[in-house]
Structure formats: structure tokens, C-alpha cells
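Source file: protein.txt. Holds: compact mmCIF, N, CA and C atoms.
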# COMPACT_ATOMS: atom_id res chain seq x y z
N MET Y 1 -111.59 88.04 -114.58
CA MET Y 1 -112.51 88.30 -115.67
C MET Y 1 -113.92 87.91 -115.21
N GLN Y 2 -114.81 88.80 -115.38
CA GLN Y 2 -116.19 88.65 -114.94
C GLN Y 2 -116.87 87.41 -115.53
N THR Y 3 -116.51 87.06 -116.75
CA THR Y 3 -117.13 85.92 -117.42
C THR Y 3 -116.93 84.63 -116.63
N PHE Y 4 -115.74 84.39 -116.11
CA PHE Y 4 -115.46 83.15 -115.39
C PHE Y 4 -116.09 83.13 -114.00
N VAL Y 5 -116.20 84.28 -113.37
CA VAL Y 5 -116.91 84.32 -112.08
C VAL Y 5 -118.38 83.99 -112.31
N MET Y 6 -118.96 84.55 -113.37
CA MET Y 6 -120.36 84.26 -113.69
C MET Y 6 -120.54 82.78 -114.06
N LEU Y 7 -119.69 82.28 -114.97
CA LEU Y 7 -119.78 80.87 -115.37
C LEU Y 7 -119.58 79.93 -114.18
N GLY Y 8 -118.60 80.23 -113.37
CA GLY Y 8 -118.35 79.41 -112.18
C GLY Y 8 -119.54 79.40 -111.25
N SER Y 9 -120.18 80.54 -111.08
CA SER Y 9 -121.35 80.62 -110.21
C SER Y 9 -122.52 79.83 -110.79
N ILE Y 10 -122.76 79.98 -112.07
CA ILE Y 10 -123.84 79.22 -112.73
C ILE Y 10 -123.56 77.72 -112.66
N LEU Y 11 -122.32 77.34 -112.91
CA LEU Y 11 -121.97 75.92 -112.85
C LEU Y 11 -122.05 75.38 -111.42
N MET Y 12 -121.82 76.23 -110.41
CA MET Y 12 -122.01 75.80 -109.02
C MET Y 12 -123.47 75.53 -108.73
N VAL Y 13 -124.35 76.42 -109.20
CA VAL Y 13 -125.80 76.20 -109.01
C VAL Y 13 -126.19 74.86 -109.64
N LEU Y 14 -125.71 74.63 -110.86
CA LEU Y 14 -126.02 73.37 -111.55
C LEU Y 14 -125.46 72.17 -110.79
N ALA Y 15 -124.26 72.29 -110.26
CA ALA Y 15 -123.64 71.19 -109.52
C ALA Y 15 -124.45 70.85 -108.28
N VAL Y 16 -124.90 71.87 -107.57
CA VAL Y 16 -125.71 71.62 -106.37
C VAL Y 16 -127.03 70.95 -106.75
N ALA Y 17 -127.66 71.45 -107.81
CA ALA Y 17 -128.93 70.86 -108.26
C ALA Y 17 -128.73 69.42 -108.73
N ILE Y 18 -127.67 69.18 -109.50
CA ILE Y 18 -127.39 67.83 -110.00
C ILE Y 18 -127.05 66.90 -108.83
N GLY Y 19 -126.29 67.41 -107.87
CA GLY Y 19 -125.96 66.61 -106.70
C GLY Y 19 -127.19 66.27 -105.88
N ALA Y 20 -128.08 67.24 -105.68
CA ALA Y 20 -129.31 66.98 -104.94
C ALA Y 20 -130.19 65.98 -105.67
N PHE Y 21 -130.25 66.10 -106.98
CA PHE Y 21 -131.02 65.15 -107.78
C PHE Y 21 -130.49 63.73 -107.57
N GLY Y 22 -129.18 63.61 -107.60
CA GLY Y 22 -128.57 62.29 -107.40
C GLY Y 22 -128.85 61.74 -106.01
N ALA Y 23 -128.74 62.60 -105.00
CA ALA Y 23 -128.93 62.15 -103.63
C ALA Y 23 -130.37 61.78 -103.33
N HIS Y 24 -131.31 62.43 -103.97
CA HIS Y 24 -132.72 62.21 -103.64
C HIS Y 24 -133.45 61.36 -104.67
N ALA Y 25 -133.28 61.65 -105.93
CA ALA Y 25 -134.06 60.96 -106.97
C ALA Y 25 -133.38 59.69 -107.49
N LEU Y 26 -132.06 59.70 -107.53
CA LEU Y 26 -131.37 58.55 -108.13
C LEU Y 26 -130.96 57.49 -107.11
N LYS Y 27 -130.87 57.88 -105.85
CA LYS Y 27 -130.33 56.99 -104.83
C LYS Y 27 -130.99 55.61 -104.84
N SER Y 28 -132.28 55.57 -105.02
CA SER Y 28 -132.98 54.28 -104.99
C SER Y 28 -133.23 53.71 -106.39
N ARG Y 29 -132.78 54.42 -107.43
CA ARG Y 29 -133.08 53.99 -108.80
C ARG Y 29 -131.90 53.43 -109.57
N ILE Y 30 -130.70 53.71 -109.11
CA ILE Y 30 -129.52 53.17 -109.81
C ILE Y 30 -128.67 52.38 -108.82
N ALA Y 31 -127.86 51.51 -109.36
CA ALA Y 31 -126.99 50.66 -108.53
C ALA Y 31 -125.99 51.52 -107.76
N PRO Y 32 -125.57 51.07 -106.58
CA PRO Y 32 -124.61 51.84 -105.78
C PRO Y 32 -123.32 52.19 -106.52
N ASP Y 33 -122.81 51.29 -107.36
CA ASP Y 33 -121.59 51.60 -108.10
C ASP Y 33 -121.83 52.72 -109.11
N LYS Y 34 -123.02 52.76 -109.72
CA LYS Y 34 -123.36 53.83 -110.66
C LYS Y 34 -123.55 55.15 -109.91
N LEU Y 35 -124.12 55.09 -108.71
CA LEU Y 35 -124.30 56.30 -107.90
C LEU Y 35 -122.94 56.88 -107.51
N LYS Y 36 -121.98 56.00 -107.24
CA LYS Y 36 -120.63 56.46 -106.91
C LYS Y 36 -120.00 57.21 -108.10
N VAL Y 37 -120.20 56.69 -109.29
CA VAL Y 37 -119.71 57.36 -110.51
C VAL Y 37 -120.34 58.74 -110.63
N TYR Y 38 -121.63 58.80 -110.40
CA TYR Y 38 -122.38 60.06 -110.45
C TYR Y 38 -121.81 61.05 -109.43
N GLU Y 39 -121.57 60.57 -108.21
CA GLU Y 39 -121.04 61.42 -107.14
C GLU Y 39 -119.65 61.96 -107.47
N VAL Y 40 -118.82 61.15 -108.14
CA VAL Y 40 -117.50 61.62 -108.56
C VAL Y 40 -117.66 62.77 -109.56
N GLY Y 41 -118.61 62.63 -110.47
CA GLY Y 41 -118.89 63.71 -111.42
C GLY Y 41 -119.27 64.99 -110.70
N VAL Y 42 -120.12 64.88 -109.69
CA VAL Y 42 -120.54 66.06 -108.92
C VAL Y 42 -119.35 66.67 -108.18
N GLN Y 43 -118.53 65.82 -107.58
CA GLN Y 43 -117.37 66.30 -106.82
C GLN Y 43 -116.42 67.12 -107.70
N TYR Y 44 -116.09 66.60 -108.86
CA TYR Y 44 -115.21 67.32 -109.77
C TYR Y 44 -115.89 68.56 -110.35
N HIS Y 45 -117.18 68.47 -110.58
CA HIS Y 45 -117.95 69.61 -111.08
C HIS Y 45 -117.85 70.77 -110.09
N ILE Y 46 -118.11 70.48 -108.80
CA ILE Y 46 -118.05 71.52 -107.77
C ILE Y 46 -116.64 72.10 -107.66
N ALA Y 47 -115.64 71.24 -107.58
CA ALA Y 47 -114.27 71.72 -107.41
C ALA Y 47 -113.85 72.64 -108.54
N HIS Y 48 -114.20 72.27 -109.77
CA HIS Y 48 -113.74 73.05 -110.91
C HIS Y 48 -114.62 74.27 -111.19
N ALA Y 49 -115.86 74.24 -110.75
CA ALA Y 49 -116.68 75.45 -110.82
C ALA Y 49 -116.11 76.50 -109.86
N LEU Y 50 -115.70 76.06 -108.68
CA LEU Y 50 -115.02 76.98 -107.75
C LEU Y 50 -113.69 77.47 -108.36
N GLY Y 51 -113.02 76.56 -109.05
CA GLY Y 51 -111.78 76.93 -109.74
C GLY Y 51 -112.02 78.01 -110.77
N LEU Y 52 -113.14 77.96 -111.46
CA LEU Y 52 -113.47 78.99 -112.45
C LEU Y 52 -113.64 80.36 -111.79
N ILE Y 53 -114.24 80.37 -110.61
CA ILE Y 53 -114.38 81.64 -109.88
C ILE Y 53 -112.99 82.17 -109.53
N LEU Y 54 -112.11 81.29 -109.08
CA LEU Y 54 -110.73 81.68 -108.79
C LEU Y 54 -110.04 82.21 -110.03
N ILE Y 55 -110.23 81.55 -111.15
CA ILE Y 55 -109.61 81.98 -112.41
C ILE Y 55 -110.13 83.37 -112.80
N GLY Y 56 -111.42 83.62 -112.57
CA GLY Y 56 -111.96 84.95 -112.83
C GLY Y 56 -111.27 86.02 -112.00
N ILE Y 57 -111.00 85.70 -110.74
CA ILE Y 57 -110.28 86.64 -109.87
C ILE Y 57 -108.84 86.81 -110.34
N LEU Y 58 -108.18 85.70 -110.66
CA LEU Y 58 -106.80 85.78 -111.15
C LEU Y 58 -106.70 86.57 -112.45
N ALA Y 59 -107.69 86.42 -113.31
CA ALA Y 59 -107.68 87.15 -114.59
C ALA Y 59 -107.74 88.65 -114.36
N SER Y 60 -108.42 89.08 -113.30
CA SER Y 60 -108.44 90.52 -113.01
C SER Y 60 -107.12 90.98 -112.37
N LEU Y 61 -106.44 90.08 -111.67
CA LEU Y 61 -105.14 90.42 -111.07
C LEU Y 61 -104.00 90.41 -112.09
N TYR Y 62 -104.15 89.55 -113.11
CA TYR Y 62 -103.15 89.41 -114.17
C TYR Y 62 -103.81 89.64 -115.53
N PRO Y 63 -104.27 90.86 -115.79
CA PRO Y 63 -105.05 91.10 -117.02
C PRO Y 63 -104.27 90.87 -118.31
N GLU Y 64 -102.94 90.91 -118.24
CA GLU Y 64 -102.13 90.70 -119.45
C GLU Y 64 -101.89 89.23 -119.74
N GLU Y 65 -102.24 88.35 -118.84
CA GLU Y 65 -101.97 86.92 -118.99
C GLU Y 65 -103.11 86.18 -119.69
N GLN Y 66 -102.97 85.99 -120.98
CA GLN Y 66 -103.97 85.29 -121.77
C GLN Y 66 -104.07 83.81 -121.40
N LEU Y 67 -102.99 83.26 -120.85
CA LEU Y 67 -103.01 81.86 -120.44
C LEU Y 67 -104.06 81.58 -119.38
N ILE Y 68 -104.34 82.56 -118.52
CA ILE Y 68 -105.35 82.37 -117.49
C ILE Y 68 -106.72 82.23 -118.13
N ILE Y 69 -106.99 83.03 -119.14
CA ILE Y 69 -108.27 82.94 -119.86
C ILE Y 69 -108.38 81.57 -120.54
N THR Y 70 -107.32 81.15 -121.19
CA THR Y 70 -107.31 79.85 -121.84
C THR Y 70 -107.53 78.74 -120.82
N ALA Y 71 -106.90 78.86 -119.66
CA ALA Y 71 -107.08 77.88 -118.59
C ALA Y 71 -108.55 77.78 -118.18
N GLY Y 72 -109.21 78.91 -118.08
CA GLY Y 72 -110.63 78.90 -117.72
C GLY Y 72 -111.47 78.12 -118.70
N TRP Y 73 -111.20 78.30 -119.98
CA TRP Y 73 -111.97 77.56 -120.99
C TRP Y 73 -111.67 76.06 -120.94
N PHE Y 74 -110.43 75.71 -120.56
CA PHE Y 74 -110.13 74.29 -120.39
C PHE Y 74 -110.90 73.71 -119.21
N LEU Y 75 -111.08 74.48 -118.14
CA LEU Y 75 -111.87 73.98 -117.02
C LEU Y 75 -113.34 73.82 -117.40
N VAL Y 76 -113.87 74.76 -118.17
CA VAL Y 76 -115.25 74.62 -118.65
C VAL Y 76 -115.38 73.33 -119.47
N ALA Y 77 -114.44 73.12 -120.38
CA ALA Y 77 -114.46 71.90 -121.20
C ALA Y 77 -114.36 70.66 -120.32
N GLY Y 78 -113.52 70.72 -119.30
CA GLY Y 78 -113.38 69.59 -118.39
C GLY Y 78 -114.66 69.25 -117.66
N ILE Y 79 -115.37 70.27 -117.20
CA ILE Y 79 -116.64 70.03 -116.51
C ILE Y 79 -117.63 69.35 -117.46
N VAL Y 80 -117.72 69.88 -118.67
CA VAL Y 80 -118.66 69.31 -119.64
C VAL Y 80 -118.27 67.88 -119.99
N LEU Y 81 -116.99 67.67 -120.31
CA LEU Y 81 -116.55 66.35 -120.78
C LEU Y 81 -116.44 65.33 -119.65
N PHE Y 82 -115.80 65.71 -118.56
CA PHE Y 82 -115.57 64.76 -117.47
C PHE Y 82 -116.85 64.53 -116.68
N SER Y 83 -117.34 65.58 -116.04
CA SER Y 83 -118.53 65.41 -115.20
C SER Y 83 -119.74 65.04 -116.04
N GLY Y 84 -119.91 65.70 -117.17
CA GLY Y 84 -121.05 65.41 -118.03
C GLY Y 84 -121.08 63.96 -118.47
N SER Y 85 -119.93 63.43 -118.87
CA SER Y 85 -119.91 62.04 -119.31
C SER Y 85 -120.18 61.09 -118.15
N LEU Y 86 -119.69 61.41 -116.96
CA LEU Y 86 -119.97 60.55 -115.80
C LEU Y 86 -121.45 60.56 -115.45
N TYR Y 87 -122.09 61.72 -115.56
CA TYR Y 87 -123.53 61.79 -115.29
C TYR Y 87 -124.28 60.86 -116.24
N VAL Y 88 -123.97 60.99 -117.52
CA VAL Y 88 -124.68 60.18 -118.52
C VAL Y 88 -124.34 58.70 -118.36
N LEU Y 89 -123.08 58.38 -118.14
CA LEU Y 89 -122.67 56.98 -117.98
C LEU Y 89 -123.34 56.32 -116.78
N SER Y 90 -123.61 57.09 -115.74
CA SER Y 90 -124.20 56.50 -114.53
C SER Y 90 -125.69 56.24 -114.67
N VAL Y 91 -126.38 56.97 -115.54
CA VAL Y 91 -127.84 56.80 -115.64
C VAL Y 91 -128.30 56.19 -116.96
N ALA Y 92 -127.42 56.10 -117.94
CA ALA Y 92 -127.81 55.57 -119.25
C ALA Y 92 -126.79 54.55 -119.72
N LYS Y 93 -127.18 53.75 -120.67
CA LYS Y 93 -126.26 52.77 -121.25
C LYS Y 93 -125.61 53.39 -122.48
N ALA Y 94 -124.79 54.40 -122.22
CA ALA Y 94 -124.12 55.12 -123.29
C ALA Y 94 -122.62 54.87 -123.19
N ARG Y 95 -122.23 53.64 -123.36
CA ARG Y 95 -120.82 53.24 -123.21
C ARG Y 95 -119.88 54.01 -124.14
N PHE Y 96 -120.42 54.50 -125.25
CA PHE Y 96 -119.59 55.23 -126.20
C PHE Y 96 -119.00 56.50 -125.57
N LEU Y 97 -119.57 56.96 -124.46
CA LEU Y 97 -119.05 58.15 -123.80
C LEU Y 97 -117.84 57.85 -122.90
N GLY Y 98 -117.58 56.58 -122.64
CA GLY Y 98 -116.46 56.21 -121.79
C GLY Y 98 -115.14 56.85 -122.18
N PRO Y 99 -114.77 56.86 -123.46
CA PRO Y 99 -113.51 57.49 -123.86
C PRO Y 99 -113.50 59.01 -123.72
N ILE Y 100 -114.66 59.62 -123.55
CA ILE Y 100 -114.74 61.08 -123.41
C ILE Y 100 -114.25 61.52 -122.03
N THR Y 101 -114.52 60.70 -121.02
CA THR Y 101 -114.18 61.07 -119.64
C THR Y 101 -112.71 61.43 -119.46
N PRO Y 102 -111.76 60.63 -119.96
CA PRO Y 102 -110.35 61.01 -119.80
C PRO Y 102 -109.99 62.32 -120.50
N LEU Y 103 -110.69 62.64 -121.58
CA LEU Y 103 -110.43 63.93 -122.24
C LEU Y 103 -110.81 65.09 -121.32
N GLY Y 104 -111.88 64.88 -120.56
CA GLY Y 104 -112.26 65.90 -119.58
C GLY Y 104 -111.21 66.03 -118.48
N GLY Y 105 -110.70 64.89 -118.00
CA GLY Y 105 -109.64 64.93 -117.00
C GLY Y 105 -108.39 65.61 -117.52
N LEU Y 106 -108.05 65.34 -118.77
CA LEU Y 106 -106.90 65.99 -119.40
C LEU Y 106 -107.14 67.49 -119.51
N SER Y 107 -108.36 67.88 -119.82
CA SER Y 107 -108.70 69.32 -119.89
C SER Y 107 -108.49 69.99 -118.54
N PHE Y 108 -108.91 69.32 -117.46
CA PHE Y 108 -108.68 69.86 -116.12
C PHE Y 108 -107.18 70.06 -115.87
N MET Y 109 -106.39 69.04 -116.19
CA MET Y 109 -104.96 69.12 -115.93
C MET Y 109 -104.30 70.22 -116.75
N ILE Y 110 -104.66 70.33 -118.02
CA ILE Y 110 -104.10 71.38 -118.86
C ILE Y 110 -104.47 72.75 -118.29
N GLY Y 111 -105.71 72.90 -117.89
CA GLY Y 111 -106.15 74.18 -117.32
C GLY Y 111 -105.31 74.58 -116.12
N TRP Y 112 -105.10 73.66 -115.20
CA TRP Y 112 -104.34 74.00 -114.00
C TRP Y 112 -102.86 74.23 -114.29
N VAL Y 113 -102.30 73.50 -115.25
CA VAL Y 113 -100.90 73.76 -115.65
C VAL Y 113 -100.80 75.15 -116.24
N LEU Y 114 -101.76 75.55 -117.06
CA LEU Y 114 -101.74 76.90 -117.64
C LEU Y 114 -101.83 77.97 -116.57
N VAL Y 115 -102.61 77.75 -115.54
CA VAL Y 115 -102.67 78.72 -114.45
C VAL Y 115 -101.30 78.84 -113.79
N ALA Y 116 -100.68 77.70 -113.51
CA ALA Y 116 -99.37 77.72 -112.86
C ALA Y 116 -98.34 78.46 -113.71
N VAL Y 117 -98.33 78.18 -115.01
CA VAL Y 117 -97.37 78.85 -115.91
C VAL Y 117 -97.67 80.34 -115.98
N ALA Y 118 -98.94 80.70 -116.01
CA ALA Y 118 -99.31 82.11 -116.15
C ALA Y 118 -98.88 82.94 -114.96
N VAL Y 119 -98.95 82.40 -113.76
CA VAL Y 119 -98.62 83.21 -112.58
C VAL Y 119 -97.13 83.16 -112.22
N LEU Y 120 -96.36 82.34 -112.93
CA LEU Y 120 -94.90 82.30 -112.68
C LEU Y 120 -94.22 83.57 -113.12

Can you give me the file's structure in the form of C-alpha cells?
Amino acid sequence: MQTFVMLGSILMVLAVAIGAFGAHALKSRIAPDKLKVYEVGVQYHIAHALGLILIGILASLYPEEQLIITAGWFLVAGIVLFSGSLYVLSVAKARFLGPITPLGGLSFMIGWVLVAVAVL
């Protein structure tokens, strides 16, 4: 499905920009442990943005499988919840976002399980 290839590509551009920002602008401004949290967010952001591109390709190969489309939306939610919360947690004192991060991880896992079920 074209939508996920486009979203994955846009999210990849954002991941590269966010990663570069962290490497250049934040490196000397936040504690090393906070930078590590930020880097984990970038790592998962990149991996799952690439996953969205894959899901877009799979959706065109399996057009009757609605689970693949649902999986894609779970990956989008995962990027926003998991990576987004890690970005904010690393640069701001927004502890209330801590419980959001596992929901993003759960979204990633649900998305990948749905892909596996859809292609079986």
C-alpha cells in the first residue's frame, strides 16, 4: 500500500534529522545516560520506519489481507508512543510519559505479530 511506503519514507527522514540533532546539538547538552535513551528512540524509529516500507510492499503483495494494514498502523503508533516518549523523556522532565513507552513497545510487537499471522 502506497500510504505505508510514503509514511515510512517520511518517518525515515524525520529519524535521520532527529538522530543528527541528537548527535550534534544534544551531545554536549544532556547527560550521557539521557543521550543513550534518545539514541534508543532513534534506533527503534529507524527500524520501524523501514518496517513500514516493508509493510507497504507486503500490502501490495497481499491486497486481501487487512491485517497487514492494521499492522502498519500499529507500527506508526509504536513510533509515536515509544520513540516519541523517549525523545521527550531524554530532553525534558516529563516523567508522566514514562508509562507511555511500554505501550509503544507493545504496539510494535502487536504490529509484527499481525504481519506474521497475515502472511501465514

Quiz item: Quick one: of Y:Ile10, Y:Ala116, Y:Ile100, Y:Ala31, who's nearest to Leu81 in chain Y, counting all atoms listed in the file?
Solution: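 With all atoms listed in the file as the atom set, the closest residue is Y:Ile100.
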
Quiz item: Do you know which residues are at most 12 Å from Pro63 in chain Y counting only C-alpha atoms, after dropping those on the same chain fewer than 6 positions away, and could you put them as a PyMOL selection string?
Solution: chain Y and resi 1-2+55-57+69+118-119

Please report as CSV every residue of range 87-120 of chain Y lying within 10 Å of range 47-51 of chain Y, along with the nearest atom pair and their distance in Å (one decimal), using only C-alpha atoms.
residue,atom,partner,partner_atom,distance
Y:Phe108,CA,Y:His48,CA,7.9
Y:Gly111,CA,Y:Gly51,CA,9.8
Y:Trp112,CA,Y:Gly51,CA,9.1

Go ahead and dump the residues you just picked, N, CA and C atoms, as a compact mmCIF listing (two decimals), keeping the file's coordinate frame.
# COMPACT_ATOMS: atom_id res chain seq x y z
N PHE Y 108 -108.91 69.32 -117.46
CA PHE Y 108 -108.68 69.86 -116.12
C PHE Y 108 -107.18 70.06 -115.87
N GLY Y 111 -105.71 72.90 -117.89
CA GLY Y 111 -106.15 74.18 -117.32
C GLY Y 111 -105.31 74.58 -116.12
N TRP Y 112 -105.10 73.66 -115.20
CA TRP Y 112 -104.34 74.00 -114.00
C TRP Y 112 -102.86 74.23 -114.29

Quiz item: DSSP on the backbone: what in range 25-65 of chain Y comes out alpha helix (DSSP H), as a VMD selection string?
Solution: chain Y and resid 32 to 61

Quiz item: If we count only N, CA and C atoms, what is near Ala71 in chain Y at a cut-off of 6.5 Å, once residues fewer than 5 positions away on the same chain are taken out, given as number ranges by chain?
Solution: Y: 66, 76, 110-112, 114-115

So that I can see what lies close to range 88-96 of chain Y, please list as a PDB file with N, CA and C atoms, in the frame of the given file the residues with an atom at most 6.5 Å from it, counting all atoms listed in the file and leaving out residues fewer than 2 positions away in the same chain.
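Writing done, so here's out_38.pdb:
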ATOM      1  N   LYS Y  34    -123.020  52.760-109.720  1.00  0.00           N
ATOM      2  CA  LYS Y  34    -123.360  53.830-110.660  1.00  0.00           C
ATOM      3  C   LYS Y  34    -123.550  55.150-109.910  1.00  0.00           C
ATOM      4  N   LEU Y  35    -124.120  55.090-108.710  1.00  0.00           N
ATOM      5  CA  LEU Y  35    -124.300  56.300-107.900  1.00  0.00           C
ATOM      6  C   LEU Y  35    -122.940  56.880-107.510  1.00  0.00           C
ATOM      7  N   VAL Y  37    -120.200  56.690-109.290  1.00  0.00           N
ATOM      8  CA  VAL Y  37    -119.710  57.360-110.510  1.00  0.00           C
ATOM      9  C   VAL Y  37    -120.340  58.740-110.630  1.00  0.00           C
ATOM     10  N   TYR Y  38    -121.630  58.800-110.400  1.00  0.00           N
ATOM     11  CA  TYR Y  38    -122.380  60.060-110.450  1.00  0.00           C
ATOM     12  C   TYR Y  38    -121.810  61.050-109.430  1.00  0.00           C
ATOM     13  N   SER Y  83    -117.340  65.580-116.040  1.00  0.00           N
ATOM     14  CA  SER Y  83    -118.530  65.410-115.200  1.00  0.00           C
ATOM     15  C   SER Y  83    -119.740  65.040-116.040  1.00  0.00           C
ATOM     16  N   GLY Y  84    -119.910  65.700-117.170  1.00  0.00           N
ATOM     17  CA  GLY Y  84    -121.050  65.410-118.030  1.00  0.00           C
ATOM     18  C   GLY Y  84    -121.080  63.960-118.470  1.00  0.00           C
ATOM     19  N   SER Y  85    -119.930  63.430-118.870  1.00  0.00           N
ATOM     20  CA  SER Y  85    -119.910  62.040-119.310  1.00  0.00           C
ATOM     21  C   SER Y  85    -120.180  61.090-118.150  1.00  0.00           C
ATOM     22  N   LEU Y  86    -119.690  61.410-116.960  1.00  0.00           N
ATOM     23  CA  LEU Y  86    -119.970  60.550-115.800  1.00  0.00           C
ATOM     24  C   LEU Y  86    -121.450  60.560-115.450  1.00  0.00           C
ATOM     25  N   GLY Y  98    -117.580  56.580-122.640  1.00  0.00           N
ATOM     26  CA  GLY Y  98    -116.460  56.210-121.790  1.00  0.00           C
ATOM     27  C   GLY Y  98    -115.140  56.850-122.180  1.00  0.00           C
ATOM     28  N   PRO Y  99    -114.770  56.860-123.460  1.00  0.00           N
ATOM     29  CA  PRO Y  99    -113.510  57.490-123.860  1.00  0.00           C
ATOM     30  C   PRO Y  99    -113.500  59.010-123.720  1.00  0.00           C
ATOM     31  N   ILE Y 100    -114.660  59.620-123.550  1.00  0.00           N
ATOM     32  CA  ILE Y 100    -114.740  61.080-123.410  1.00  0.00           C
ATOM     33  C   ILE Y 100    -114.250  61.520-122.030  1.00  0.00           C
TER      34      ILE Y 100
END

Quiz item: In Å to one decimal, how far is atom N of Tyr44 in chain Y from atom C of Lys27 in chain Y?
Solution: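 It comes out at 18.9 Å.
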
Practice problem: For CA of Gly22 in chain Y and atom N of Ser107 in chain Y, quote the distance in Å rounded to one decimal. | Solution: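 It comes out at 24.4 Å.
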
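The two atoms in question, atom N of Leu61 in chain Y and CA of Val113 in chain Y, are spaced 17.7 Å apart.
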
Practice problem: For Ser9 in chain Y, work out the shell of residues within 9 Å, counting only C-alpha atoms and skipping chain neighbours fewer than 4 positions away, then give it as a PyMOL selection string. | Solution: chain Y and resi 4-5+13-14+49-50+52-53

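Of the residues listed (Y:Ala59, Y:Met109, Y:Val42, Y:Val80), Y:Val42 shows the shortest atom-to-atom separation from Gly19 in chain Y; distances use only N, CA and C atoms.
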
Around all listed atoms of range 44-47 of chain Y, padded 6 Å per side, what centre and edge lengths does the axis-aligned box have in Å to one decimal, as JSON?
{"center_x": -116.0, "center_y": 69.6, "center_z": -109.2, "size_x": 16.3, "size_y": 18.0, "size_z": 15.7}

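Closest approach to Leu106 in chain Y among Y:Ile79, Y:Tyr87, Y:Leu120, Y:Ala20: Y:Ile79, based on only C-alpha atoms.
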
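Distance check against Gln43 in chain Y using only C-alpha atoms: of Y:Tyr62, Y:Pro102, Y:Ala15, Y:Leu7, the minimum falls on Y:Ala15.
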
Subset file: range 8-51 of chain Y, C-alpha atoms, as a PDB file, in the first residue's frame:
ATOM      1  CA  GLY Y   8       7.824   5.047   6.200  1.00  0.00           C
ATOM      2  CA  SER Y   9       9.873   7.327   3.967  1.00  0.00           C
ATOM      3  CA  ILE Y  10       8.729  10.476   5.767  1.00  0.00           C
ATOM      4  CA  LEU Y  11       9.390   8.872   9.147  1.00  0.00           C
ATOM      5  CA  MET Y  12      12.877   7.849   7.938  1.00  0.00           C
ATOM      6  CA  VAL Y  13      13.660  11.463   7.017  1.00  0.00           C
ATOM      7  CA  LEU Y  14      12.481  12.521  10.480  1.00  0.00           C
ATOM      8  CA  ALA Y  15      14.524   9.777  12.150  1.00  0.00           C
ATOM      9  CA  VAL Y  16      17.692  10.862  10.372  1.00  0.00           C
ATOM     10  CA  ALA Y  17      17.059  14.518  11.256  1.00  0.00           C
ATOM     11  CA  ILE Y  18      16.241  13.663  14.888  1.00  0.00           C
ATOM     12  CA  GLY Y  19      19.311  11.431  15.094  1.00  0.00           C
ATOM     13  CA  ALA Y  20      21.563  14.143  13.665  1.00  0.00           C
ATOM     14  CA  PHE Y  21      20.103  16.662  16.092  1.00  0.00           C
ATOM     15  CA  GLY Y  22      20.911  14.341  18.965  1.00  0.00           C
ATOM     16  CA  ALA Y  23      24.429  13.637  17.751  1.00  0.00           C
ATOM     17  CA  HIS Y  24      25.317  17.274  17.156  1.00  0.00           C
ATOM     18  CA  ALA Y  25      23.114  19.548  19.258  1.00  0.00           C
ATOM     19  CA  LEU Y  26      22.316  17.403  22.286  1.00  0.00           C
ATOM     20  CA  LYS Y  27      25.598  15.567  22.753  1.00  0.00           C
ATOM     21  CA  SER Y  28      27.092  18.284  24.938  1.00  0.00           C
ATOM     22  CA  ARG Y  29      23.808  19.449  26.495  1.00  0.00           C
ATOM     23  CA  ILE Y  30      22.341  16.356  28.120  1.00  0.00           C
ATOM     24  CA  ALA Y  31      23.805  13.691  30.380  1.00  0.00           C
ATOM     25  CA  PRO Y  32      25.265  10.586  28.690  1.00  0.00           C
ATOM     26  CA  ASP Y  33      22.536   8.340  30.143  1.00  0.00           C
ATOM     27  CA  LYS Y  34      19.847  10.650  28.692  1.00  0.00           C
ATOM     28  CA  LEU Y  35      21.641  10.662  25.321  1.00  0.00           C
ATOM     29  CA  LYS Y  36      21.579   6.859  25.364  1.00  0.00           C
ATOM     30  CA  VAL Y  37      17.794   6.938  25.902  1.00  0.00           C
ATOM     31  CA  TYR Y  38      17.495   9.353  22.981  1.00  0.00           C
ATOM     32  CA  GLU Y  39      19.635   7.082  20.782  1.00  0.00           C
ATOM     33  CA  VAL Y  40      17.434   4.073  21.598  1.00  0.00           C
ATOM     34  CA  GLY Y  41      14.436   6.103  20.436  1.00  0.00           C
ATOM     35  CA  VAL Y  42      16.214   6.881  17.158  1.00  0.00           C
ATOM     36  CA  GLN Y  43      17.239   3.243  16.680  1.00  0.00           C
ATOM     37  CA  TYR Y  44      13.688   1.942  17.057  1.00  0.00           C
ATOM     38  CA  HIS Y  45      12.334   4.830  14.982  1.00  0.00           C
ATOM     39  CA  ILE Y  46      14.624   3.908  12.062  1.00  0.00           C
ATOM     40  CA  ALA Y  47      13.960   0.169  12.300  1.00  0.00           C
ATOM     41  CA  HIS Y  48      10.200   0.574  12.340  1.00  0.00           C
ATOM     42  CA  ALA Y  49      10.100   3.257   9.651  1.00  0.00           C
ATOM     43  CA  LEU Y  50      11.886   0.735   7.423  1.00  0.00           C
ATOM     44  CA  GLY Y  51       9.342  -1.813   8.618  1.00  0.00           C
TER      45      GLY Y  51
END
